[in-house]
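Raw upload.cif, mmCIF, C-alpha atoms:
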data_upload
loop_
_atom_site.label_atom_id
_atom_site.label_comp_id
_atom_site.auth_asym_id
_atom_site.auth_seq_id
_atom_site.Cartn_x
_atom_site.Cartn_y
_atom_site.Cartn_z
CA MET K 1 -95.49 11.46 36.41
CA SER K 2 -97.00 8.18 37.48
CA SER K 3 -100.53 7.92 38.76
CA ARG K 4 -99.17 6.14 41.82
CA ARG K 5 -97.24 9.25 42.87
CA THR K 6 -100.27 11.43 42.27
CA ARG K 7 -102.46 9.17 44.40
CA GLY K 8 -99.81 9.07 47.13
CA SER K 9 -99.72 12.86 47.21
CA ARG K 10 -103.47 13.05 47.62
CA GLN K 11 -103.59 10.37 50.30
CA SER K 12 -100.92 11.94 52.49
CA SER K 13 -102.83 15.09 53.31
CA GLY K 14 -100.44 17.94 53.88
CA ALA K 15 -97.34 15.97 52.83
CA THR K 16 -94.89 17.67 50.51
CA ARG K 17 -94.50 16.17 47.06
CA ILE K 18 -91.03 14.82 46.38
CA THR K 19 -89.62 15.87 43.03
CA ASP K 20 -87.77 13.61 40.62
CA ASP K 21 -84.60 15.57 41.36
CA GLN K 22 -85.00 14.94 45.08
CA ILE K 23 -85.51 11.23 44.44
CA ALA K 24 -82.40 11.14 42.25
CA ASP K 25 -80.44 12.92 44.98
CA LEU K 26 -81.66 10.48 47.64
CA VAL K 27 -80.79 7.49 45.43
CA SER K 28 -77.29 8.93 44.89
CA LYS K 29 -76.84 9.33 48.64
CA LEU K 30 -78.11 5.82 49.22
CA GLN K 31 -75.68 4.48 46.64
CA LEU K 32 -72.80 6.00 48.61
CA LEU K 33 -73.86 4.03 51.69
CA ILE K 34 -73.74 0.64 49.95
CA PRO K 35 -70.21 -0.84 50.00
CA GLU K 36 -70.53 -2.53 46.60
CA SER K 37 -71.33 0.83 45.06
CA HIS K 38 -67.97 2.28 46.08
CA THR K 39 -66.02 -0.22 43.99
CA ARG K 40 -67.89 0.60 40.82
CA PRO K 41 -66.96 3.56 38.62
CA SER K 42 -69.22 6.54 39.18
CA ASN K 43 -71.32 5.79 36.10
CA LYS K 44 -75.04 6.37 36.31
CA VAL K 45 -76.79 3.38 37.83
CA SER K 46 -80.54 2.96 37.73
CA ALA K 47 -82.50 3.67 40.88
CA SER K 48 -83.91 0.14 40.80
CA LYS K 49 -80.38 -1.31 40.78
CA VAL K 50 -79.40 0.87 43.75
CA LEU K 51 -82.53 -0.21 45.62
CA GLN K 52 -81.81 -3.86 44.78
CA GLU K 53 -78.25 -3.54 46.09
CA THR K 54 -79.57 -1.81 49.20
CA CYS K 55 -82.00 -4.65 49.90
CA ASN K 56 -79.23 -7.22 49.36
CA TYR K 57 -76.92 -5.30 51.68
CA ILE K 58 -79.59 -5.07 54.39
CA ARG K 59 -80.20 -8.83 54.07
CA SER K 60 -76.46 -9.49 54.48
CA LEU K 61 -76.40 -7.25 57.56
CA HIS K 62 -79.33 -9.21 59.02
CA ARG K 63 -77.45 -12.48 58.42
CA GLU K 64 -74.36 -11.01 60.08
CA VAL K 65 -76.39 -9.88 63.09
CA GLU K 66 -77.93 -13.36 63.40
CA ASP K 67 -74.49 -14.97 63.18
CA LEU K 68 -73.06 -12.63 65.81
CA SER K 69 -76.09 -13.22 68.02
CA ASP K 70 -75.59 -16.99 67.75
CA ARG K 71 -71.90 -16.62 68.55
CA LEU K 72 -72.75 -14.42 71.54
CA SER K 73 -75.25 -16.99 72.81
CA VAL K 74 -72.57 -19.68 72.64
CA LEU K 75 -70.14 -17.39 74.44
CA LEU K 76 -72.67 -16.63 77.18
CA GLU K 77 -73.44 -20.32 77.61
CA SER K 78 -69.74 -21.11 77.96
CA THR K 79 -69.29 -18.38 80.58
CA GLU K 80 -72.28 -19.38 82.70
CA SER K 81 -69.90 -21.12 85.09
CA ASP K 82 -68.07 -17.82 85.48
CA SER K 83 -70.97 -15.57 86.36
CA ALA K 84 -68.71 -12.52 86.66
CA GLN K 85 -67.71 -12.77 82.98
CA ALA K 86 -71.32 -13.37 81.95
CA ALA K 87 -72.42 -10.33 83.97
CA ILE K 88 -69.80 -8.15 82.26
CA ILE K 89 -70.89 -9.33 78.80
CA ARG K 90 -74.55 -8.77 79.62
CA SER K 91 -73.83 -5.28 80.97
CA LEU K 92 -72.01 -4.40 77.76
CA LEU K 93 -75.06 -5.42 75.77
CA MET K 94 -77.44 -3.20 77.72
#

As structure tokens, the full file:
Amino acid sequence: MSSRRTRGSRQSSGATRITDDQIADLVSKLQLLIPESHTRPSNKVSASKVLQETCNYIRSLHREVEDLSDRLSVLLESTESDSAQAAIIRSLLM
């Protein structure tokens, strides 16, 4: 057991200590949520690799959101002349 986990347990007064088995279970569940993980055989993958893939996936989702936001801004600008269309798009976003 690492000293970091021990310190964390002491600092979070009243918090339940997470066991290594629980961490392994959570990492396995997380791995199922990452698309790249589904294509790989179900061999054991290190928790650090799963966390790395998760971070990369979240970054790609952020880029996709930014791209879609930019595209939406362009769409809204092009529909400004047709305020009814712009109003419909804005209402869908709310």

ask   = Residues picked by the PyMOL selection byres ((chain K and resi 44-50) around 8) here, as a ChimeraX atom specification?
value = /K:24,27,30-31,42-43,51-54

With all atoms of stretch 17-25 of chain K from the file as input, state the centre and edge lengths in Å to one decimal of the axis-aligned box that has 6 Å extra on each side, as JSON.
{"center_x": -87.5, "center_y": 13.7, "center_z": 43.8, "size_x": 26.1, "size_y": 17.0, "size_z": 18.4}

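Nearest residue to K:Tyr57, choosing from K:Ile34, K:Ile23, K:Leu72, K:Leu92 and counting all atoms listed in the file: K:Ile34.
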